[in-house]
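The data block below is protein-v3.txt; it holds compact mmCIF, C-alpha atoms.
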# COMPACT_ATOMS: atom_id res chain seq x y z
CA MET H 1 168.14 70.24 55.17
CA PHE H 2 165.23 69.69 57.55
CA PHE H 3 163.84 73.13 56.65
CA ILE H 4 163.89 72.34 52.92
CA VAL H 5 162.13 69.00 53.48
CA ALA H 6 159.52 70.70 55.68
CA VAL H 7 158.84 73.34 53.02
CA ILE H 8 158.48 70.73 50.27
CA ALA H 9 156.20 68.60 52.46
CA SER H 10 154.06 71.64 53.30
CA VAL H 11 153.67 72.52 49.62
CA ILE H 12 152.67 68.95 48.78
CA VAL H 13 150.13 68.84 51.62
CA TYR H 14 148.70 72.19 50.51
CA TYR H 15 148.18 71.03 46.93
CA VAL H 16 146.69 67.69 48.00
CA ILE H 17 144.18 69.43 50.28
CA ASP H 18 143.42 71.97 47.55
CA LEU H 19 142.84 69.20 45.01
CA VAL H 20 140.51 67.32 47.35
CA LEU H 21 138.47 70.40 48.25
CA ARG H 22 138.13 71.52 44.63
CA SER H 23 136.90 68.06 43.63
CA LEU H 24 133.89 68.21 45.97
CA LYS H 25 130.70 68.86 43.98
CA VAL H 26 127.48 70.72 44.74
CA GLY H 27 124.32 68.65 44.90
CA ASN H 28 121.13 68.60 42.83
CA ILE H 29 122.54 69.88 39.54
CA THR H 30 119.36 68.88 37.72
CA GLY H 31 117.38 71.43 39.72
CA LYS H 32 119.68 74.37 39.05
CA HIS H 33 119.37 77.15 36.45
CA VAL H 34 122.25 78.90 34.67
CA PHE H 35 122.37 81.96 32.42
CA ILE H 36 125.17 82.28 29.83
CA THR H 37 125.87 85.29 27.64
CA GLY H 38 127.37 85.09 24.14
CA CYS H 39 126.06 81.65 23.17
CA ASP H 40 125.92 82.15 19.39
CA THR H 41 129.42 80.73 18.90
CA GLY H 42 132.62 79.79 20.68
CA PHE H 43 132.97 79.14 24.40
CA GLY H 44 129.41 80.17 25.23
CA HIS H 45 127.89 77.94 22.57
CA LEU H 46 129.88 74.92 23.74
CA ALA H 47 129.23 75.68 27.42
CA ALA H 48 125.47 75.82 26.84
CA ILE H 49 125.57 72.42 25.14
CA GLN H 50 127.73 70.88 27.87
CA LEU H 51 125.70 72.25 30.79
CA ASP H 52 122.46 71.13 29.16
CA LYS H 53 124.00 67.70 28.65
CA ILE H 54 124.92 67.24 32.32
CA GLY H 55 121.48 68.28 33.55
CA PHE H 56 121.36 72.03 34.17
CA PHE H 57 118.48 74.18 33.02
CA VAL H 58 120.23 76.63 30.72
CA PHE H 59 119.22 80.12 29.65
CA ALA H 60 121.41 80.86 26.63
CA GLY H 61 121.78 84.52 25.71
CA CYS H 62 122.11 84.85 21.93
CA LEU H 63 122.64 88.00 19.87
CA THR H 64 121.29 86.54 16.61
CA GLU H 65 118.29 84.43 15.65
CA ASP H 66 120.52 82.12 13.62
CA GLY H 67 122.75 81.50 16.64
CA ALA H 68 119.74 80.76 18.83
CA LYS H 69 118.23 78.39 16.28
CA LEU H 70 121.48 76.47 15.80
CA LEU H 71 121.95 76.06 19.54
CA SER H 72 118.36 74.94 20.14
CA GLU H 73 118.76 72.21 17.54
CA LYS H 74 121.70 70.76 19.48
CA CYS H 75 120.14 70.78 22.95
CA SER H 76 117.27 69.37 24.96
CA SER H 77 114.12 71.11 26.13
CA ARG H 78 116.00 72.13 29.29
CA LEU H 79 117.70 74.87 27.26
CA THR H 80 115.93 78.15 26.58
CA THR H 81 117.45 80.67 24.18
CA VAL H 82 117.05 84.31 25.17
CA SER H 83 117.57 87.27 22.85
CA LEU H 84 120.33 89.37 24.40
CA ASN H 85 122.46 92.33 23.40
CA VAL H 86 124.69 93.01 26.41
CA THR H 87 125.26 96.61 25.31
CA SER H 88 121.54 97.41 25.62
CA THR H 89 120.12 97.84 29.11
CA GLU H 90 116.64 97.38 27.68
CA SER H 91 117.67 94.03 26.20
CA VAL H 92 119.24 92.97 29.51
CA GLU H 93 116.09 93.92 31.43
CA GLN H 94 113.94 91.93 29.00
CA ALA H 95 116.22 88.92 29.45
CA VAL H 96 115.83 89.14 33.22
CA GLU H 97 112.04 89.15 32.85
CA VAL H 98 112.18 86.06 30.60
CA VAL H 99 114.24 84.24 33.23
CA LYS H 100 111.92 85.28 36.07
CA GLU H 101 108.89 84.01 34.16
CA LYS H 102 110.48 80.62 33.52
CA LEU H 103 112.05 80.02 36.93
CA PRO H 104 109.96 77.88 39.30
CA PRO H 105 108.38 79.77 42.25
CA ASN H 106 110.82 80.75 45.00
CA THR H 107 113.77 79.68 42.87
CA GLY H 108 116.83 81.78 42.13
CA LEU H 109 119.46 81.61 39.43
CA TRP H 110 122.33 79.33 40.38
CA ALA H 111 124.95 80.83 38.08
CA LEU H 112 125.64 83.63 35.63
CA ILE H 113 128.44 83.01 33.13
CA ASN H 114 129.49 86.29 31.54
CA ASN H 115 131.04 84.94 28.37
CA ALA H 116 130.09 87.49 25.68
CA GLY H 117 133.04 89.37 24.25
CA ILE H 118 134.72 90.77 21.16
CA ILE H 119 138.37 91.28 20.29
CA GLY H 120 138.04 94.58 18.43
CA LEU H 121 140.66 96.48 16.45
CA LEU H 122 144.12 94.88 16.50
CA THR H 123 146.38 97.82 15.72
CA PRO H 124 148.85 99.99 17.62
CA MET H 125 147.08 102.42 19.94
CA GLU H 126 147.62 105.47 17.71
CA PHE H 127 145.35 103.98 15.06
CA CYS H 128 142.47 103.37 17.49
CA ARG H 129 139.73 105.98 17.56
CA LYS H 130 137.73 106.66 20.70
CA GLU H 131 134.78 104.77 19.22
CA ASP H 132 137.01 101.75 18.47
CA ILE H 133 137.98 101.55 22.12
CA PHE H 134 134.45 102.16 23.38
CA ALA H 135 133.00 99.45 21.11
CA VAL H 136 135.14 96.81 22.83
CA VAL H 137 134.81 98.18 26.37
CA ASN H 138 131.04 98.46 25.91
CA VAL H 139 130.71 94.72 25.24
CA ASN H 140 133.53 93.21 27.27
CA LEU H 141 133.29 95.35 30.40
CA LEU H 142 130.27 97.66 30.59
CA GLY H 143 127.92 95.01 29.20
CA LEU H 144 129.28 92.44 31.63
CA ILE H 145 128.77 94.81 34.56
CA ASP H 146 125.23 95.68 33.45
CA VAL H 147 124.23 92.03 33.05
CA THR H 148 125.70 91.16 36.46
CA ARG H 149 123.95 94.07 38.17
CA HIS H 150 120.56 93.07 36.79
CA PHE H 151 120.87 89.35 37.55
CA LEU H 152 122.45 89.72 41.00
CA PRO H 153 119.15 89.62 42.98
CA LEU H 154 118.27 86.27 41.36
CA ILE H 155 121.76 84.91 42.09
CA ARG H 156 121.58 86.13 45.68
CA LYS H 157 118.34 84.21 46.10
CA SER H 158 120.14 80.92 45.47
CA LYS H 159 123.51 81.97 46.95
CA GLY H 160 124.96 81.11 43.58
CA ARG H 161 127.88 81.91 41.33
CA VAL H 162 129.12 84.62 38.99
CA VAL H 163 131.73 83.55 36.44
CA ASN H 164 133.39 86.34 34.48
CA THR H 165 135.45 85.74 31.37
CA ALA H 166 138.56 87.90 31.40
CA SER H 167 141.75 86.98 29.54
CA ILE H 168 145.44 86.56 30.09
CA ALA H 169 145.49 90.10 28.62
CA GLY H 170 143.90 91.15 31.90
CA ARG H 171 147.08 90.13 33.70
CA LEU H 172 149.74 91.08 31.16
CA ALA H 173 149.20 94.19 29.04
CA MET H 174 149.65 93.51 25.33
CA VAL H 175 148.41 94.80 21.98
CA PRO H 176 145.60 95.60 21.32
CA VAL H 177 144.77 98.45 23.68
CA PRO H 178 140.93 98.23 23.53
CA TYR H 179 140.87 94.52 24.38
CA THR H 180 143.50 94.75 27.11
CA VAL H 181 141.84 97.75 28.76
CA SER H 182 138.49 95.94 28.79
CA LYS H 183 139.93 92.76 30.28
CA TYR H 184 141.88 94.58 33.00
CA GLY H 185 138.55 96.18 33.83
CA VAL H 186 136.85 92.78 34.06
CA VAL H 187 139.49 91.56 36.51
CA GLY H 188 139.18 94.69 38.64
CA PHE H 189 135.38 94.55 38.64
CA SER H 190 135.41 90.85 39.54
CA ASP H 191 137.80 91.36 42.46
CA VAL H 192 135.65 94.16 43.89
CA LEU H 193 132.41 92.24 43.33
CA ARG H 194 133.79 89.11 44.98
CA ARG H 195 134.60 91.05 48.14
CA GLU H 196 131.25 92.82 48.16
CA VAL H 197 129.06 89.74 47.83
CA CYS H 198 131.02 87.05 49.70
CA LYS H 199 128.96 87.57 52.88
CA GLN H 200 125.80 87.09 50.79
CA GLY H 201 126.91 83.56 49.96
CA ILE H 202 127.76 84.40 46.34
CA LYS H 203 131.03 83.17 44.86
CA VAL H 204 132.77 85.01 42.00
CA SER H 205 135.29 83.37 39.68
CA ILE H 206 137.43 84.75 36.87
CA VAL H 207 138.33 82.66 33.81
CA GLU H 208 141.52 83.82 32.08
CA PRO H 209 142.05 82.08 28.74
CA GLY H 210 145.16 82.37 26.63
CA ALA H 211 144.94 82.41 22.83
CA PHE H 212 142.12 80.24 21.48
CA MET H 213 140.76 79.84 17.95
CA THR H 214 137.19 81.10 18.29
CA ALA H 215 134.82 82.99 16.00
CA THR H 216 136.39 86.26 17.19
CA ALA H 217 139.59 85.16 15.44
CA ASN H 218 138.22 85.85 11.95
CA VAL H 219 141.38 86.66 9.98
CA GLU H 220 139.59 88.25 7.02
CA LYS H 221 137.61 90.64 9.24
CA ILE H 222 140.64 91.37 11.40
CA MET H 223 142.74 92.38 8.38
CA THR H 224 139.91 94.43 6.82
CA ASP H 225 139.50 96.40 10.05
CA ILE H 226 143.26 96.90 10.32
CA GLN H 227 143.55 98.12 6.72
CA ASN H 228 140.64 100.53 7.21
CA ALA H 229 142.30 101.92 10.35
CA PHE H 230 145.59 102.43 8.51
CA ASP H 231 143.82 104.09 5.58
CA ARG H 232 142.34 106.69 7.92
CA HIS H 233 145.81 107.94 8.86
CA SER H 234 148.59 109.60 6.92
CA PRO H 235 151.44 107.53 5.44
CA ASP H 236 153.82 109.42 7.73
CA ILE H 237 152.19 107.95 10.84
CA LEU H 238 152.09 104.47 9.32
CA ALA H 239 155.78 104.80 8.42
CA VAL H 240 156.64 105.29 12.10
CA TYR H 241 155.34 101.78 12.74
CA GLY H 242 156.95 100.14 9.73
CA GLY H 243 154.84 101.23 6.77
CA PRO H 244 153.76 98.55 4.28
CA ASP H 245 156.02 96.05 6.04
CA LEU H 246 153.83 96.33 9.15
CA ILE H 247 150.73 95.40 7.16
CA LYS H 248 152.48 92.38 5.66
CA LYS H 249 153.83 91.26 9.04
CA MET H 250 150.40 91.56 10.64
CA HIS H 251 148.76 89.67 7.80
CA ASP H 252 151.32 86.86 8.07
CA HIS H 253 150.92 86.83 11.84
CA PHE H 254 147.13 86.50 11.82
CA ASP H 255 147.19 84.16 8.83
CA SER H 256 149.18 81.73 10.95
CA MET H 257 146.79 81.91 13.92
CA SER H 258 145.96 78.23 13.67
CA GLY H 259 149.58 77.55 14.54
CA TRP H 260 149.62 79.51 17.79
CA CYS H 261 145.95 79.60 18.87
CA SER H 262 144.68 76.55 20.73
CA ILE H 263 141.72 74.71 19.23
CA LYS H 264 140.96 73.02 22.56
CA LEU H 265 137.97 75.21 23.38
CA TYR H 266 136.72 72.55 25.79
CA LEU H 267 139.42 73.64 28.26
CA VAL H 268 137.62 76.94 28.85
CA VAL H 269 134.26 75.15 29.00
CA ASP H 270 135.71 72.80 31.63
CA ALA H 271 136.70 75.85 33.70
CA TYR H 272 133.14 77.21 33.46
CA VAL H 273 131.72 73.85 34.52
CA HIS H 274 134.07 73.52 37.48
CA ALA H 275 133.34 77.07 38.62
CA ILE H 276 129.62 76.35 38.95
CA THR H 277 129.71 72.70 40.07
CA SER H 278 132.54 72.68 42.64
CA ARG H 279 131.65 73.34 46.25
CA PHE H 280 134.90 75.29 46.45
CA PRO H 281 135.43 76.96 43.05
CA ARG H 282 138.70 78.67 42.28
CA ILE H 283 138.91 82.44 42.26
CA ARG H 284 140.96 82.35 39.05
CA TYR H 285 141.09 79.79 36.27
CA VAL H 286 144.12 80.28 34.02
CA VAL H 287 143.38 78.29 30.87
CA GLY H 288 145.75 77.31 28.08
CA THR H 289 149.37 76.22 27.81
CA ASP H 290 150.55 79.68 26.73
CA ALA H 291 148.71 81.35 29.60
CA LYS H 292 150.01 78.98 32.26
CA TRP H 293 153.60 78.55 31.17
CA VAL H 294 154.47 81.75 29.30
CA PHE H 295 152.29 84.73 30.16
CA ILE H 296 151.59 84.17 33.85
CA PRO H 297 155.30 83.59 34.67
CA MET H 298 156.14 86.63 32.54
CA SER H 299 153.70 88.75 34.52
CA TYR H 300 155.83 88.20 37.64
CA LEU H 301 159.06 89.35 36.01
CA PRO H 302 160.44 92.84 36.70
CA ASP H 303 158.71 95.35 34.44
CA PHE H 304 161.82 96.26 32.49
CA ILE H 305 162.31 92.61 31.49
CA THR H 306 158.66 92.17 30.51
CA ASP H 307 158.83 95.42 28.52
CA PHE H 308 161.96 94.24 26.73
CA ILE H 309 160.36 90.92 25.73
CA LEU H 310 156.93 92.21 24.71
CA ALA H 311 158.14 95.36 22.95
CA ARG H 312 160.29 93.24 20.67
CA ALA H 313 157.64 90.58 20.19
CA GLN H 314 155.03 93.19 19.29
CA SER H 315 157.34 94.96 16.85

Whole structure, structure tokens version:
Amino acid sequence: MFFIVAVIASVIVYYVIDLVLRSLKVGNITGKHVFITGCDTGFGHLAAIQLDKIGFFVFAGCLTEDGAKLLSEKCSSRLTTVSLNVTSTESVEQAVEVVKEKLPPNTGLWALINNAGIIGLLTPMEFCRKEDIFAVVNVNLLGLIDVTRHFLPLIRKSKGRVVNTASIAGRLAMVPVPYTVSKYGVVGFSDVLRREVCKQGIKVSIVEPGAFMTATANVEKIMTDIQNAFDRHSPDILAVYGGPDLIKKMHDHFDSMSGWCSIKLYLVVDAYVHAITSRFPRIRYVVGTDAKWVFIPMSYLPDFITDFILARAQS
């Protein structure tokens, strides 16, 4: 009995200490500069607005002129939009030069939030071409690595933060293959980077959202891409996966996204904010009810049980 009480007390003490430490904030937010990728829409767009609002100087990487214009209209003069295509090293290098020119003398970059990402083709693996997989990996993983590599000297200068957006699909492998492969890569890269730069005073955090209703969840585009992928293959291959019934099931599934995707995008933004404002940021931020209470617990189950559940869910 005493042992059980001691264990419970130890757990409570641990979580209280953890809560107190995580609540401690860094000072002088108004003098710090942050770079965010993928600010045209979604999490990045909202994060840029929120960080500008609380006093950060924000460099917002935008892929399109329309996205940059819309964001600028919502923010103060502390925010600077920067043209950025994370798949182009030339574009990344130009973005770094813009930041260097605008930073005050002898000032580094406090934080880099790697938010840019795409979901890609949502079909069984057999329907994914090499270029379909590369398109997603190029943005979600290779682009993230390239941006981090180029901005790291500026982050080192301020002993700042790197925040990488992964996904719950980086912990629990699910359809689609391109997205899951890219997010597992983000988690692996982040773990290695964190261990490499910890002695330089740089902290690396991973944000792992569940299912959220963002601009990447465009049902019409998703279904068009799926139909095009199916049309490229013979009916015999499609029949293996259910034929016309598969198309209907997928359409119904994605058409009901609003029912199972969270619209609380601010939860991910809150994780970004905490990761760059806490003196002791978390290594991992699992965000979303589904991620916390379904997918993370499932990831600890024996593989044969997880396979049984997901194979039937995905069919």

What's around region 289-300 of chain H at 7 Å? Count only C-alpha atoms, leave out sequence neighbours fewer than 5 positions away in its own chain, and write the answer as a ChimeraX atom specification. /H:168,171-172,209-210,306

Output the selection as a JSON list (two decimals), in the coordinates of the input - C-alpha atoms for each residue.
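Output contents, as saved in part21.json:
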[["chain", "number", "residue", "atom", "x", "y", "z"],
["H", 168, "ILE", "CA", 145.44, 86.56, 30.09],
["H", 171, "ARG", "CA", 147.08, 90.13, 33.70],
["H", 172, "LEU", "CA", 149.74, 91.08, 31.16],
["H", 209, "PRO", "CA", 142.05, 82.08, 28.74],
["H", 210, "GLY", "CA", 145.16, 82.37, 26.63],
["H", 306, "THR", "CA", 158.66, 92.17, 30.51]]

Quick one: everything within 10 Å of Gly27 (chain H), counting all atoms listed in the file, minus sequence neighbours fewer than 2 positions away in the same chain. Send it as a tab-separated table (two decimals) with C-alpha atoms, in the frame of the given file.
chain	number	residue	atom	x	y	z
H	24	LEU	CA	133.89	68.21	45.97
H	25	LYS	CA	130.70	68.86	43.98
H	29	ILE	CA	122.54	69.88	39.54
H	30	THR	CA	119.36	68.88	37.72
H	31	GLY	CA	117.38	71.43	39.72
H	32	LYS	CA	119.68	74.37	39.05
H	277	THR	CA	129.71	72.70	40.07
H	278	SER	CA	132.54	72.68	42.64
H	279	ARG	CA	131.65	73.34	46.25

Could you check how far CA of Asp225 (chain H) sits from CA of Asp132 (chain H), in Å to one decimal? 10.3 Å

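If you look at CA of Gly242 (chain H) and CA of Leu301 (chain H), they are 28.5 Å away from each other.
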
Let me make sure I understand: among H:Met1, H:Leu63, H:Val286, H:Val139, which one has the smallest atom-to-atom distance to Gly170 (chain H) if we use all atoms listed in the file? H:Val286

CA of Asp236 (chain H) to CA of Met223 (chain H), distance in Å rounded to a single decimal: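 Separating CA of Asp236 (chain H) from CA of Met223 (chain H) is a distance of 20.3 Å.
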
Selection near Pro105 (chain H), 12 Å with only C-alpha atoms, sequence-local residues under 4 positions removed, as a PyMOL selection string: chain H and resi 99-101+109+154+157

At a cut-off of 9 Å, using all atoms listed in the file, what residues contact Cys62 (chain H)? Leave out same-chain residues fewer than 5 positions from it and give the result as a ChimeraX atom specification. /H:36-41,67-68,81-85

Within 10 Å of Asn115 (chain H), counting all atoms listed in the file, which residues qualify if same-chain residues fewer than 3 places away don't, as a VMD selection string? chain H and resid 36 to 39 42 to 45 47 61 112 118 140 144 163 to 166 207 272

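Comparing the minimum interatomic distances between Val20 (chain H) and each of H:Ile119, H:Leu310, H:Phe280, H:Leu79, counting only C-alpha atoms, we find that H:Phe280 sits nearest.
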
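Nearest residue to Thr148 (chain H) among H:Glu93, H:Lys102, H:Val273, H:Thr107 is H:Glu93, counting all atoms listed in the file.
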
Rank H:Glu131, H:Glu97, H:Glu126, H:Glu90 by their smallest atom-to-atom distance to Gly143 (chain H), using all atoms listed in the file, and report the top residue only.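 Among the listed residues, the smallest separation from Gly143 (chain H) belongs to H:Glu90.
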
Using all atoms listed in the file, find the one residue out of H:Val137, H:Val268, H:Ala111, H:Val92 that sits nearest to Glu208 (chain H).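 Result for the nearest residue to Glu208 (chain H): H:Val268.
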
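Between Phe189 (chain H) and the candidates H:Ile17, H:Asp146, H:Ala116, H:Phe212, the tightest atom-to-atom separation, counting only C-alpha atoms, involves H:Asp146.
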
Please return the centre and edge lengths, in Å to one decimal, of a box with edges along x, y and z that contains all listed atoms of region 122-128 of chain H, widened by 5 Å on every side, as lines of an AutoDock Vina configuration file.
center_x = 145.7
center_y = 100.2
center_z = 17.5
size_x = 16.4
size_y = 20.6
size_z = 14.9

Since the input has fewer atoms than a full residue there, write region 141-152 of chain H out with N, CA and C atoms, as a compact mmCIF listing (two decimals), in the coordinates of the input.
# COMPACT_ATOMS: atom_id res chain seq x y z
N LEU H 141 133.28 94.88 29.01
CA LEU H 141 133.29 95.35 30.40
C LEU H 141 131.95 95.94 30.84
N LEU H 142 131.50 97.00 30.17
CA LEU H 142 130.27 97.66 30.59
C LEU H 142 129.06 96.74 30.45
N GLY H 143 129.01 95.97 29.37
CA GLY H 143 127.92 95.01 29.20
C GLY H 143 127.94 93.95 30.27
N LEU H 144 129.13 93.46 30.58
CA LEU H 144 129.28 92.44 31.63
C LEU H 144 128.81 92.98 32.98
N ILE H 145 129.19 94.20 33.29
CA ILE H 145 128.77 94.81 34.56
C ILE H 145 127.25 94.98 34.60
N ASP H 146 126.68 95.44 33.50
CA ASP H 146 125.23 95.68 33.45
C ASP H 146 124.45 94.38 33.61
N VAL H 147 124.90 93.33 32.93
CA VAL H 147 124.23 92.03 33.05
C VAL H 147 124.33 91.52 34.49
N THR H 148 125.51 91.62 35.08
CA THR H 148 125.70 91.16 36.46
C THR H 148 124.80 91.92 37.43
N ARG H 149 124.76 93.23 37.27
CA ARG H 149 123.95 94.07 38.17
C ARG H 149 122.48 93.69 38.12
N HIS H 150 121.98 93.39 36.93
CA HIS H 150 120.56 93.07 36.79
C HIS H 150 120.22 91.66 37.28
N PHE H 151 121.16 90.73 37.15
CA PHE H 151 120.87 89.35 37.55
C PHE H 151 121.24 89.06 39.01
N LEU H 152 121.95 89.98 39.65
CA LEU H 152 122.45 89.72 41.00
C LEU H 152 121.35 89.36 42.00
